[in-house]
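Take a look at the structure below.
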2 protein chains.
Amino acid sequence: MKPETITEAIKVACSSCNLRELCMPIGFTSDDMQKLDSVVATRRRIKQGDNLFSNGDSFTSLFAIRTGFFKTCVSAADGRDQVTGFQMAGEIIGLDGIVSDYHSCNAVALEDAEVCVMPFANVEDLSREFPQLQRHVHKIMSREIVRENSVMMLLGNMRAEERLAAFLLNLVQRLHARGFSQSELTLRMSREEIGSYLGMKLETVSRAFSKFSDEGIIEVKQRYVRIIEPNALKKIFNPETCT
Amino acid sequence: MKPETITEAIKVACSSCNLRELCMPIGFTSDDMQKLDSVVATRRRIKQGDNLFSNGDSFTSLFAIRTGFFKTCVSAADGRDQVTGFQMAGEIIGLDGIVSDYHSCNAVALEDAEVCVMPFANVEDLSREFPQLQRHVHKIMSREIVRENSVMMLLGNMRAEERLAAFLLNLVQRLHARGFSQSELTLRMSREEIGSYLGMKLETVSRAFSKFSDEGIIEVKQRYVRIIEPNALKKIFNPETCT
DNA sequence: AAAAATCTTTGACACATGTCAATAGATTGT
DNA sequence: ACAATCTATTGACATGTGTCAAAGATTTTT
């Protein structure tokens with residue numbers, strides 16, 4: 001594997017980061033905040049298609065996404081691939097590496113990206129000093145566990161259209177939280193990657209998109225999606241709790 | 001909900017617990033170990049069929065299983081249920097509650113059980129004092145994330161027989177680590193619960209058991225299972241890496 | 001011990017999704 | 001601008017698993 005990414009020696013400060021509210025716990029004095037700046041060692045740029053880390057890489061750091069979009073995926077020995085998640089700005093990636101000191105999945109940039117490198121030793125040291133940070137780290141890990149629980153529900157119990165509806169709703173909700181539109185989005189991943197995440201084939205994903213489009217629920221043009229009837233999507237995802 | 005379980009005021013000590021090696025980080029001096037005893041507040045007994053905690057319960061404690069066997073499951077609004085895991089002695093349960101201070105799944109005892117109640121505030125306090133404990137807590141959470149990644153692989157990519165083979169291999173492996181047989185086990189869960197975990201219907205589970213039995217790979221009699229050809233199971237689960 | 005309830009197995013058939021193939025549309029490189 | 005390469009869509013058909021139903025087994029209740 002060629003060294004497709006370079007670690008840049010830019011000292012960066014969480015205290016002046018515009019993503020602080022997504023990454024960091026709230027309620028720090030600006031004094032404390034200064035000390036927290038040392039969680040982040042450097043930033044690193046990753047080109048579209050390159051891996052931030054790969055299965056088997058030794059684990060040293062968590063990564064906070066500043067810009068760009070990632071997928072994480074695990075591979076079976078026979079080459080079958082499962083996308084385990086899509087991550088965007090403000091989200092933390094690399095938690096899989098903690099348990100065994102090496103990564104057990106691949107993190108691939110779906111567009112040019114920049115991440116903050118947080119050496120895990122720093123995170124642990126500062127966590128002992130700042131209970132709020134400690135709590136924050138615990139919550140991030142717990143959130144990931146809960147997210148994966150709901151993906152298991154998707155994969156185990158839902159049908160193709162329900163899965164895609166849930167997927168789209170989740171994506172726009174997260175994008176909206178980052179200041180983007182509630183109704184429009186540009187997918188950063190292919191039909192095949194969506195399918196891998198949702199446990200279905202790319203053709204089935206495509207058919208479900210077309211069906212939603214025929215029904216006037218969404219407008220689709222390749223990777224552009226506009227949600228026309230969010231309530232209809234919610235109803236597909238969860239018929240019970242909708243009008 | 002009736003108070004089906006009672007919290008018993010038994011002070012217990014990790015330092016003298018025979019499950020210590022499963023629950024606790026290694027490498028403590030016996031001095032440190034004494035202080036760690038205060039992680040556990042009490043023990044609690046749960047009867048078969050009762051919930052240790054339920055979706056919506058407020059989160060205060062993690063639980064270390066001393067005896068017994070649990071399932072955790074999430075429910076969709078329409079009543080559909082997804083088993084997200086089966087837990088046995090030495091395993092930690094309740095991590096889902098950390099992120100939002102209430103539980104987002106149910107933990108049900110599949111046989112009479114006893115757990116150590118570890119108030120999470122204690123865990124966090126002591127984690128700040130003992131880096132080894134801090135690391136241990138992080139590893140437990142990361143391990144759960146990695147486990148769920150591999151369940152996603154099962155649900156998203158594998159077929160019924162592969163899923164059941166993986167399930168059986170994982171169960172005996174964990175039981176073996178606890179001193180039980182490598183080849184015999186008694187299932188604590190129904191076909192329906194296995195099916196819910198593996199994303200298939202109980203009839204499909206039953207058929208897969210029968211198929212394995214017909215092929216001489218396992219012997220099944222209701223919930224008793226003997227693994228006759230572990231290599232055949234491994235081959236089904238993962239054809240590539242086996243002889 | 002009988003009766004009731006629950007769990008498991010098995011068969012027949014249905015159907016959602018996978019597979020294979022062809023076409024069209026987008027993107028990249030020369 | 002053109003070819004080459006991806007990516008997405010759509011159709012026809014195959015198939016693995018779900019659904020429904022019946023009968024045994026096992027456990028619990030009376």
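Chains: A, B, ... in order of the structure tokens. Residues: from 1 per chain. Ligands: from 1, in order shown.
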Proximity of chain A to chain B: per-residue shortest pair, 8 Å limit, only C-alpha atoms, as JSON lines:
```
{"residue": "A:Val74", "atom": "CA", "partner": "B:Asn149", "partner_atom": "CA", "distance": 7.3}
{"residue": "A:Ala76", "atom": "CA", "partner": "B:Met153", "partner_atom": "CA", "distance": 7.9}
{"residue": "A:Ala77", "atom": "CA", "partner": "B:Glu240", "partner_atom": "CA", "distance": 6.4}
{"residue": "A:Asp78", "atom": "CA", "partner": "B:Glu240", "partner_atom": "CA", "distance": 5.6}
{"residue": "A:Arg80", "atom": "CA", "partner": "B:Asn157", "partner_atom": "CA", "distance": 7.2}
{"residue": "A:Asp81", "atom": "CA", "partner": "B:Met153", "partner_atom": "CA", "distance": 7.7}
{"residue": "A:Gln82", "atom": "CA", "partner": "B:Met153", "partner_atom": "CA", "distance": 5.5}
{"residue": "A:Thr84", "atom": "CA", "partner": "B:Asn149", "partner_atom": "CA", "distance": 6.3}
{"residue": "A:Leu95", "atom": "CA", "partner": "B:Ser142", "partner_atom": "CA", "distance": 6.0}
{"residue": "A:Asp96", "atom": "CA", "partner": "B:Ser142", "partner_atom": "CA", "distance": 5.5}
{"residue": "A:Gly97", "atom": "CA", "partner": "B:Ser142", "partner_atom": "CA", "distance": 7.2}
{"residue": "A:Ile98", "atom": "CA", "partner": "B:Lys139", "partner_atom": "CA", "distance": 5.7}
{"residue": "A:Val99", "atom": "CA", "partner": "B:Lys139", "partner_atom": "CA", "distance": 4.2}
{"residue": "A:Ser100", "atom": "CA", "partner": "B:Lys139", "partner_atom": "CA", "distance": 7.7}
{"residue": "A:Ser104", "atom": "CA", "partner": "B:Val146", "partner_atom": "CA", "distance": 7.4}
{"residue": "A:Glu124", "atom": "CA", "partner": "B:Gln134", "partner_atom": "CA", "distance": 7.7}
{"residue": "A:Ser127", "atom": "CA", "partner": "B:Arg128", "partner_atom": "CA", "distance": 7.3}
{"residue": "A:Arg128", "atom": "CA", "partner": "B:Arg128", "partner_atom": "CA", "distance": 4.3}
{"residue": "A:Glu129", "atom": "CA", "partner": "B:Arg128", "partner_atom": "CA", "distance": 7.3}
{"residue": "A:Pro131", "atom": "CA", "partner": "B:Arg128", "partner_atom": "CA", "distance": 7.9}
{"residue": "A:Gln134", "atom": "CA", "partner": "B:Glu124", "partner_atom": "CA", "distance": 7.7}
{"residue": "A:Arg135", "atom": "CA", "partner": "B:Glu124", "partner_atom": "CA", "distance": 7.9}
{"residue": "A:His138", "atom": "CA", "partner": "B:Ile98", "partner_atom": "CA", "distance": 6.9}
{"residue": "A:Lys139", "atom": "CA", "partner": "B:Val99", "partner_atom": "CA", "distance": 4.2}
{"residue": "A:Ile140", "atom": "CA", "partner": "B:Val99", "partner_atom": "CA", "distance": 6.9}
{"residue": "A:Met141", "atom": "CA", "partner": "B:Met141", "partner_atom": "CA", "distance": 6.5}
{"residue": "A:Ser142", "atom": "CA", "partner": "B:Val99", "partner_atom": "CA", "distance": 5.2}
{"residue": "A:Arg143", "atom": "CA", "partner": "B:Val99", "partner_atom": "CA", "distance": 5.4}
{"residue": "A:Glu144", "atom": "CA", "partner": "B:Ile145", "partner_atom": "CA", "distance": 7.0}
{"residue": "A:Ile145", "atom": "CA", "partner": "B:Ile145", "partner_atom": "CA", "distance": 5.7}
{"residue": "A:Val146", "atom": "CA", "partner": "B:Asp96", "partner_atom": "CA", "distance": 5.7}
{"residue": "A:Glu148", "atom": "CA", "partner": "B:Glu148", "partner_atom": "CA", "distance": 6.4}
{"residue": "A:Asn149", "atom": "CA", "partner": "B:Thr84", "partner_atom": "CA", "distance": 6.3}
{"residue": "A:Ser150", "atom": "CA", "partner": "B:Val74", "partner_atom": "CA", "distance": 7.7}
{"residue": "A:Val151", "atom": "CA", "partner": "B:Met152", "partner_atom": "CA", "distance": 7.6}
{"residue": "A:Met152", "atom": "CA", "partner": "B:Met152", "partner_atom": "CA", "distance": 6.4}
{"residue": "A:Met153", "atom": "CA", "partner": "B:Gln82", "partner_atom": "CA", "distance": 5.5}
{"residue": "A:Leu155", "atom": "CA", "partner": "B:Leu155", "partner_atom": "CA", "distance": 5.9}
{"residue": "A:Gly156", "atom": "CA", "partner": "B:Gly199", "partner_atom": "CA", "distance": 3.9}
{"residue": "A:Asn157", "atom": "CA", "partner": "B:Gly199", "partner_atom": "CA", "distance": 6.5}
{"residue": "A:Ser196", "atom": "CA", "partner": "B:Gly156", "partner_atom": "CA", "distance": 7.0}
{"residue": "A:Tyr197", "atom": "CA", "partner": "B:Gly156", "partner_atom": "CA", "distance": 7.5}
{"residue": "A:Leu198", "atom": "CA", "partner": "B:Gly156", "partner_atom": "CA", "distance": 6.9}
{"residue": "A:Gly199", "atom": "CA", "partner": "B:Gly156", "partner_atom": "CA", "distance": 3.9}
{"residue": "A:Met200", "atom": "CA", "partner": "B:Gly156", "partner_atom": "CA", "distance": 7.2}
{"residue": "A:Asn238", "atom": "CA", "partner": "B:Ala77", "partner_atom": "CA", "distance": 7.0}
{"residue": "A:Pro239", "atom": "CA", "partner": "B:Asp78", "partner_atom": "CA", "distance": 7.4}
{"residue": "A:Glu240", "atom": "CA", "partner": "B:Asp78", "partner_atom": "CA", "distance": 5.6}
{"residue": "A:Thr241", "atom": "CA", "partner": "B:Ala77", "partner_atom": "CA", "distance": 6.9}
```
Could you take the residues named above and write them with N, CA and C atoms, as a CSV table (one decimal), in the first residue's frame?
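The resulting file, part.csv, is reproduced below:
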```csv
chain,number,residue,atom,x,y,z
A,74,VAL,N,-16.3,-3.9,6.9
A,74,VAL,CA,-15.6,-5.1,7.3
A,74,VAL,C,-15.6,-6.0,6.1
A,76,ALA,N,-15.2,-10.2,4.9
A,76,ALA,CA,-15.1,-11.6,5.3
A,76,ALA,C,-13.9,-12.2,4.5
A,77,ALA,N,-13.5,-13.3,5.0
A,77,ALA,CA,-12.3,-14.0,4.4
A,77,ALA,C,-12.5,-14.2,2.9
A,78,ASP,N,-13.7,-14.5,2.5
A,78,ASP,CA,-14.0,-14.8,1.1
A,78,ASP,C,-14.2,-13.5,0.2
A,80,ARG,N,-16.3,-11.0,0.7
A,80,ARG,CA,-17.6,-10.3,0.9
A,80,ARG,C,-17.4,-9.1,1.8
A,81,ASP,N,-18.0,-8.0,1.4
A,81,ASP,CA,-17.8,-6.8,2.1
A,81,ASP,C,-19.1,-6.3,2.8
A,82,GLN,N,-19.0,-5.8,4.0
A,82,GLN,CA,-20.2,-5.2,4.6
A,82,GLN,C,-19.9,-3.8,5.0
A,84,THR,N,-20.4,-0.9,7.3
A,84,THR,CA,-21.0,-0.9,8.7
A,84,THR,C,-21.4,0.5,9.0
A,95,LEU,N,-13.2,3.8,16.6
A,95,LEU,CA,-13.4,3.2,17.9
A,95,LEU,C,-13.2,1.7,17.9
A,96,ASP,N,-13.4,1.1,16.7
A,96,ASP,CA,-13.2,-0.4,16.6
A,96,ASP,C,-11.8,-0.8,17.0
A,97,GLY,N,-10.8,0.1,16.9
A,97,GLY,CA,-9.4,-0.3,17.2
A,97,GLY,C,-9.1,-0.4,18.6
A,98,ILE,N,-9.9,0.1,19.5
A,98,ILE,CA,-9.5,0.2,20.9
A,98,ILE,C,-9.3,-1.2,21.6
A,99,VAL,N,-10.2,-2.1,21.2
A,99,VAL,CA,-10.3,-3.4,21.9
A,99,VAL,C,-9.0,-4.2,21.7
A,100,SER,N,-8.5,-4.2,20.5
A,100,SER,CA,-7.4,-5.1,20.3
A,100,SER,C,-6.1,-4.4,19.8
A,104,SER,N,-10.2,-3.2,13.0
A,104,SER,CA,-10.8,-4.4,12.4
A,104,SER,C,-11.7,-4.0,11.3
A,124,GLU,N,-7.3,9.5,26.6
A,124,GLU,CA,-7.4,8.8,27.9
A,124,GLU,C,-6.8,9.7,29.0
A,127,SER,N,-9.1,12.5,29.6
A,127,SER,CA,-10.3,12.0,30.2
A,127,SER,C,-10.2,11.9,31.7
A,128,ARG,N,-9.1,11.5,32.2
A,128,ARG,CA,-8.9,11.3,33.6
A,128,ARG,C,-8.9,12.7,34.3
A,129,GLU,N,-8.5,13.7,33.6
A,129,GLU,CA,-8.4,15.0,34.2
A,129,GLU,C,-9.8,15.7,34.1
A,131,PRO,N,-13.6,15.1,33.8
A,131,PRO,CA,-14.8,14.2,33.9
A,131,PRO,C,-15.8,14.4,32.7
A,134,GLN,N,-14.4,12.7,29.8
A,134,GLN,CA,-14.6,11.3,30.0
A,134,GLN,C,-16.0,10.8,29.7
A,135,ARG,N,-17.0,11.6,30.2
A,135,ARG,CA,-18.4,11.3,29.9
A,135,ARG,C,-18.7,11.3,28.5
A,138,HIS,N,-17.4,8.3,26.6
A,138,HIS,CA,-18.3,7.2,26.9
A,138,HIS,C,-19.6,7.3,26.1
A,139,LYS,N,-20.1,8.5,26.0
A,139,LYS,CA,-21.4,8.7,25.3
A,139,LYS,C,-21.2,8.4,23.8
A,140,ILE,N,-20.0,8.8,23.2
A,140,ILE,CA,-19.8,8.6,21.8
A,140,ILE,C,-19.7,7.1,21.5
A,141,MET,N,-19.1,6.3,22.4
A,141,MET,CA,-19.0,4.9,22.2
A,141,MET,C,-20.4,4.2,22.4
A,142,SER,N,-21.1,4.7,23.4
A,142,SER,CA,-22.5,4.1,23.6
A,142,SER,C,-23.4,4.5,22.4
A,143,ARG,N,-23.2,5.7,21.9
A,143,ARG,CA,-24.1,6.1,20.8
A,143,ARG,C,-23.8,5.1,19.6
A,144,GLU,N,-22.6,4.8,19.4
A,144,GLU,CA,-22.3,3.9,18.3
A,144,GLU,C,-22.9,2.5,18.5
A,145,ILE,N,-22.9,2.0,19.8
A,145,ILE,CA,-23.5,0.8,20.1
A,145,ILE,C,-25.0,0.8,19.8
A,146,VAL,N,-25.6,1.9,20.2
A,146,VAL,CA,-27.1,2.1,20.0
A,146,VAL,C,-27.4,2.2,18.5
A,148,GLU,N,-25.7,0.8,16.1
A,148,GLU,CA,-25.6,-0.5,15.5
A,148,GLU,C,-26.7,-1.4,15.9
A,149,ASN,N,-27.3,-1.2,17.1
A,149,ASN,CA,-28.5,-1.9,17.4
A,149,ASN,C,-29.6,-1.6,16.4
A,150,SER,N,-29.7,-0.4,16.0
A,150,SER,CA,-30.9,-0.1,15.2
A,150,SER,C,-30.6,-0.5,13.7
A,151,VAL,N,-29.3,-0.6,13.4
A,151,VAL,CA,-29.0,-1.2,12.1
A,151,VAL,C,-29.3,-2.7,12.1
A,152,MET,N,-29.1,-3.3,13.2
A,152,MET,CA,-29.4,-4.8,13.3
A,152,MET,C,-31.0,-4.9,13.1
A,153,MET,N,-31.7,-4.0,13.7
A,153,MET,CA,-33.2,-4.1,13.5
A,153,MET,C,-33.5,-3.9,12.0
A,155,LEU,N,-31.6,-4.6,9.4
A,155,LEU,CA,-31.2,-5.8,8.6
A,155,LEU,C,-31.9,-7.0,9.0
A,156,GLY,N,-32.4,-7.1,10.2
A,156,GLY,CA,-33.0,-8.4,10.6
A,156,GLY,C,-34.5,-8.4,10.4
A,157,ASN,N,-35.1,-7.2,10.4
A,157,ASN,CA,-36.6,-7.2,10.4
A,157,ASN,C,-37.3,-6.5,9.3
A,196,SER,N,-24.8,-2.5,0.3
A,196,SER,CA,-24.0,-3.2,1.2
A,196,SER,C,-24.4,-2.8,2.7
A,197,TYR,N,-24.6,-1.6,2.9
A,197,TYR,CA,-24.9,-1.1,4.2
A,197,TYR,C,-26.3,-1.7,4.6
A,198,LEU,N,-27.2,-1.7,3.7
A,198,LEU,CA,-28.6,-2.1,4.0
A,198,LEU,C,-28.9,-3.6,3.8
A,199,GLY,N,-27.8,-4.3,3.4
A,199,GLY,CA,-28.0,-5.8,3.2
A,199,GLY,C,-28.9,-6.1,2.0
A,200,MET,N,-28.7,-5.4,0.9
A,200,MET,CA,-29.4,-5.7,-0.3
A,200,MET,C,-28.5,-5.4,-1.5
A,238,ASN,N,-42.0,3.3,9.3
A,238,ASN,CA,-42.7,3.0,10.6
A,238,ASN,C,-44.1,3.3,10.5
A,239,PRO,N,-44.9,2.4,9.9
A,239,PRO,CA,-46.3,2.7,9.6
A,239,PRO,C,-47.2,3.1,10.8
A,240,GLU,N,-46.8,2.6,12.0
A,240,GLU,CA,-47.6,2.7,13.2
A,240,GLU,C,-47.7,4.2,13.7
A,241,THR,N,-46.5,4.8,13.8
A,241,THR,CA,-46.5,6.1,14.5
A,241,THR,C,-46.7,7.3,13.6
```
Residues of chain D near chain A: apply a cut-off of 10 Å, count only C-alpha atoms (C1' of nucleotides), and supply the list as a PDB file with C-alpha atoms (C1' of nucleotides), in the first residue's frame.
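Below is the file that was written, iface.pdb:
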```
ATOM      1  C1'  DT D   7     -22.520   3.699 -12.545  1.00  0.00           C
ATOM      2  C1'  DA D   8     -27.438   3.334 -12.675  1.00  0.00           C
ATOM      3  C1'  DT D   9     -31.711   1.574 -14.531  1.00  0.00           C
ATOM      4  C1'  DT D  10     -34.801  -1.910 -16.073  1.00  0.00           C
TER       5       DT D  10
END
```
**Asked** Which residues in stretch 17-133 of chain A does DSSP call strand (DSSP E)? List them as number ranges by chain.
**Response** A: 42-46, 51-53, 61-67, 70-75, 81-87, 92-93, 106-109, 113-119
**Prompt:** When the cut-off is 12 Å and we count only C-alpha atoms (C1' of nucleotides), which residues of chain C are near chain B, given as a list in words?
**Reply:** DT6, DC7, DT8, DT9, DT10, DG11 and DG18 of chain C
Please save C-alpha atoms (C1' of nucleotides) of the selected residues as a PDB file, in the first residue's frame.
```
ATOM      1  C1'  DT C   6     -45.589 -23.902  24.475  1.00  0.00           C
ATOM      2  C1'  DC C   7     -41.973 -25.163  21.467  1.00  0.00           C
ATOM      3  C1'  DT C   8     -40.148 -27.731  17.537  1.00  0.00           C
ATOM      4  C1'  DT C   9     -40.331 -30.056  13.250  1.00  0.00           C
ATOM      5  C1'  DT C  10     -41.872 -30.716   8.613  1.00  0.00           C
ATOM      6  C1'  DG C  11     -44.479 -29.990   4.246  1.00  0.00           C
ATOM      7  C1'  DG C  18     -31.159 -12.104  -5.969  1.00  0.00           C
TER       8       DG C  18
END
```
**Message:** Please compute the atom CA of A:Met33-atom CA of A:Phe180 distance, one decimal, in Å.
**Reply:** 27.5 Å
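For the pair atom CA of B:Ser54 and atom CA of B:Leu171, the interatomic distance is 24.4 Å.
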**Request:** Identify, on the basis of only C-alpha atoms (C1' of nucleotides), every residue whose closest approach to stretch 162-165 of chain A does not exceed 6 Å; exclude the query and any residue fewer than 3 positions from it along the same chain; express the result as a PyMOL selection string.
**Result:** chain A and resi 154+158-159+168+233+236-237
Would you mind exporting the chosen residues as a PDB file, in the first residue's frame, restricted to C-alpha atoms?
```pdb
ATOM      1  CA  LEU A 154     -33.070  -2.787   9.902  1.00  0.00           C
ATOM      2  CA  MET A 158     -37.206  -4.681   7.669  1.00  0.00           C
ATOM      3  CA  ARG A 159     -37.904  -5.033   3.985  1.00  0.00           C
ATOM      4  CA  LEU A 168     -32.672   8.413   3.647  1.00  0.00           C
ATOM      5  CA  LEU A 233     -41.085   8.059   3.920  1.00  0.00           C
ATOM      6  CA  ILE A 236     -42.920   3.426   5.048  1.00  0.00           C
ATOM      7  CA  PHE A 237     -40.243   3.197   7.696  1.00  0.00           C
TER       8      PHE A 237
END
```
**Request:** Find the distance between atom CA of B:Lys35 and atom CA of B:Gly179 and write it in Å to one decimal.
**Result:** 28.5 Å
**Request:** Tell me which protein, DNA and RNA residues are within 7 Å of stretch 61-71 of chain A, counting only C-alpha atoms (C1' of nucleotides), leaving out same-chain ones fewer than 6 positions away, and put them as a ChimeraX atom specification.
**Result:** /A:83,85-95,107-120
Save the residues we just selected, N, CA and C atoms, as a short mmCIF file (atom, residue, chain, number, x, y, z; two decimals), in the first residue's frame?
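As a result, again-v3.cif now contains:
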```cif
data_model
loop_
_atom_site.label_atom_id
_atom_site.label_comp_id
_atom_site.auth_asym_id
_atom_site.auth_seq_id
_atom_site.Cartn_x
_atom_site.Cartn_y
_atom_site.Cartn_z
N VAL A 83 -20.60 -2.81 4.47
CA VAL A 83 -20.46 -1.44 4.95
C VAL A 83 -21.14 -1.36 6.31
N GLY A 85 -21.08 1.54 8.24
CA GLY A 85 -21.56 2.87 8.53
C GLY A 85 -21.04 3.91 7.56
N PHE A 86 -21.73 5.04 7.53
CA PHE A 86 -21.28 6.21 6.79
C PHE A 86 -21.09 7.35 7.79
N GLN A 87 -19.97 8.04 7.70
CA GLN A 87 -19.66 9.06 8.70
C GLN A 87 -19.41 10.40 8.05
N MET A 88 -19.88 11.45 8.71
CA MET A 88 -19.72 12.79 8.16
C MET A 88 -19.11 13.74 9.19
N ALA A 89 -18.96 15.00 8.81
CA ALA A 89 -18.28 15.99 9.65
C ALA A 89 -18.78 15.97 11.10
N GLY A 90 -17.85 16.02 12.02
CA GLY A 90 -18.19 16.06 13.43
C GLY A 90 -18.28 14.69 14.06
N GLU A 91 -18.25 13.64 13.24
CA GLU A 91 -18.37 12.29 13.80
C GLU A 91 -16.98 11.69 14.04
N ILE A 92 -16.95 10.74 14.95
CA ILE A 92 -15.68 10.16 15.40
C ILE A 92 -15.56 8.76 14.82
N ILE A 93 -14.37 8.46 14.36
CA ILE A 93 -14.14 7.22 13.64
C ILE A 93 -12.91 6.53 14.21
N GLY A 94 -12.93 5.22 14.27
CA GLY A 94 -11.77 4.48 14.75
C GLY A 94 -11.95 3.74 16.06
N LEU A 95 -13.17 3.81 16.61
CA LEU A 95 -13.44 3.19 17.91
C LEU A 95 -13.23 1.68 17.90
N ALA A 107 -11.68 2.27 6.84
CA ALA A 107 -12.37 3.55 6.73
C ALA A 107 -11.93 4.20 5.43
N VAL A 108 -12.87 4.35 4.52
CA VAL A 108 -12.56 4.83 3.18
C VAL A 108 -13.20 6.19 2.96
N ALA A 109 -12.42 7.13 2.44
CA ALA A 109 -12.95 8.46 2.15
C ALA A 109 -13.79 8.40 0.88
N LEU A 110 -15.04 8.80 0.96
CA LEU A 110 -15.91 8.82 -0.22
C LEU A 110 -15.82 10.17 -0.94
N GLU A 111 -15.17 11.12 -0.30
CA GLU A 111 -14.80 12.35 -0.98
C GLU A 111 -13.55 12.87 -0.28
N ASP A 112 -12.85 13.79 -0.89
CA ASP A 112 -11.67 14.36 -0.25
C ASP A 112 -12.04 14.81 1.15
N ALA A 113 -11.18 14.51 2.12
CA ALA A 113 -11.57 14.72 3.51
C ALA A 113 -10.40 15.21 4.33
N GLU A 114 -10.76 15.78 5.47
CA GLU A 114 -9.74 16.17 6.44
C GLU A 114 -10.20 15.74 7.83
N VAL A 115 -9.30 15.14 8.56
CA VAL A 115 -9.66 14.67 9.91
C VAL A 115 -8.69 15.25 10.94
N CYS A 116 -9.17 15.36 12.17
CA CYS A 116 -8.31 15.69 13.29
C CYS A 116 -7.82 14.38 13.89
N VAL A 117 -6.53 14.26 14.05
CA VAL A 117 -5.95 13.04 14.62
C VAL A 117 -5.86 13.20 16.13
N MET A 118 -6.55 12.32 16.84
CA MET A 118 -6.56 12.40 18.31
C MET A 118 -5.90 11.15 18.88
N PRO A 119 -4.62 11.21 19.17
CA PRO A 119 -3.96 10.03 19.73
C PRO A 119 -4.74 9.55 20.96
N PHE A 120 -5.05 8.26 20.98
CA PHE A 120 -5.96 7.78 22.01
C PHE A 120 -5.34 7.93 23.40
#
```
**Request:** Identify, on the basis of only C-alpha atoms (C1' of nucleotides), every residue whose closest approach to D:DA14 does not exceed 12 Å; exclude the query and any residue fewer than 6 positions from it along the same chain; express the result as an MDAnalysis selection string.
**Result:** chainID C and resid 17:20
**Message:** If you run DSSP on the backbone here, which positions in stretch 21-224 of chain B get helix (DSSP H, G or I)? Please write them as JSON, numbers by chain.
**Reply:** {"B": [21, 22, 23, 30, 31, 32, 33, 34, 35, 36, 37, 38, 39, 95, 96, 97, 120, 121, 122, 123, 124, 125, 126, 127, 128, 129, 131, 132, 133, 134, 135, 136, 137, 138, 139, 140, 141, 142, 143, 144, 145, 146, 147, 148, 149, 150, 151, 152, 153, 154, 155, 156, 157, 160, 161, 162, 163, 164, 165, 166, 167, 168, 169, 170, 171, 172, 173, 174, 175, 176, 177, 191, 192, 193, 194, 195, 196, 197, 198, 202, 203, 204, 205, 206, 207, 208, 209, 210, 211, 212, 213, 214]}
**Selection near D:DT19, 10 Å with only C-alpha atoms (C1' of nucleotides), sequence-local residues under 4 positions removed, as a PyMOL selection string** = (chain B and resi 201) or (chain C and resi 13-15)
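Proximity to A:Val172 at 8 Å, evaluated using only C-alpha atoms (C1' of nucleotides) and with sequence-adjacent residues fewer than 3 positions away removed, yields Leu168, Leu169, Leu175, His176, Ser181, Gln182, Ser183, Glu184 and Leu185 of chain A.
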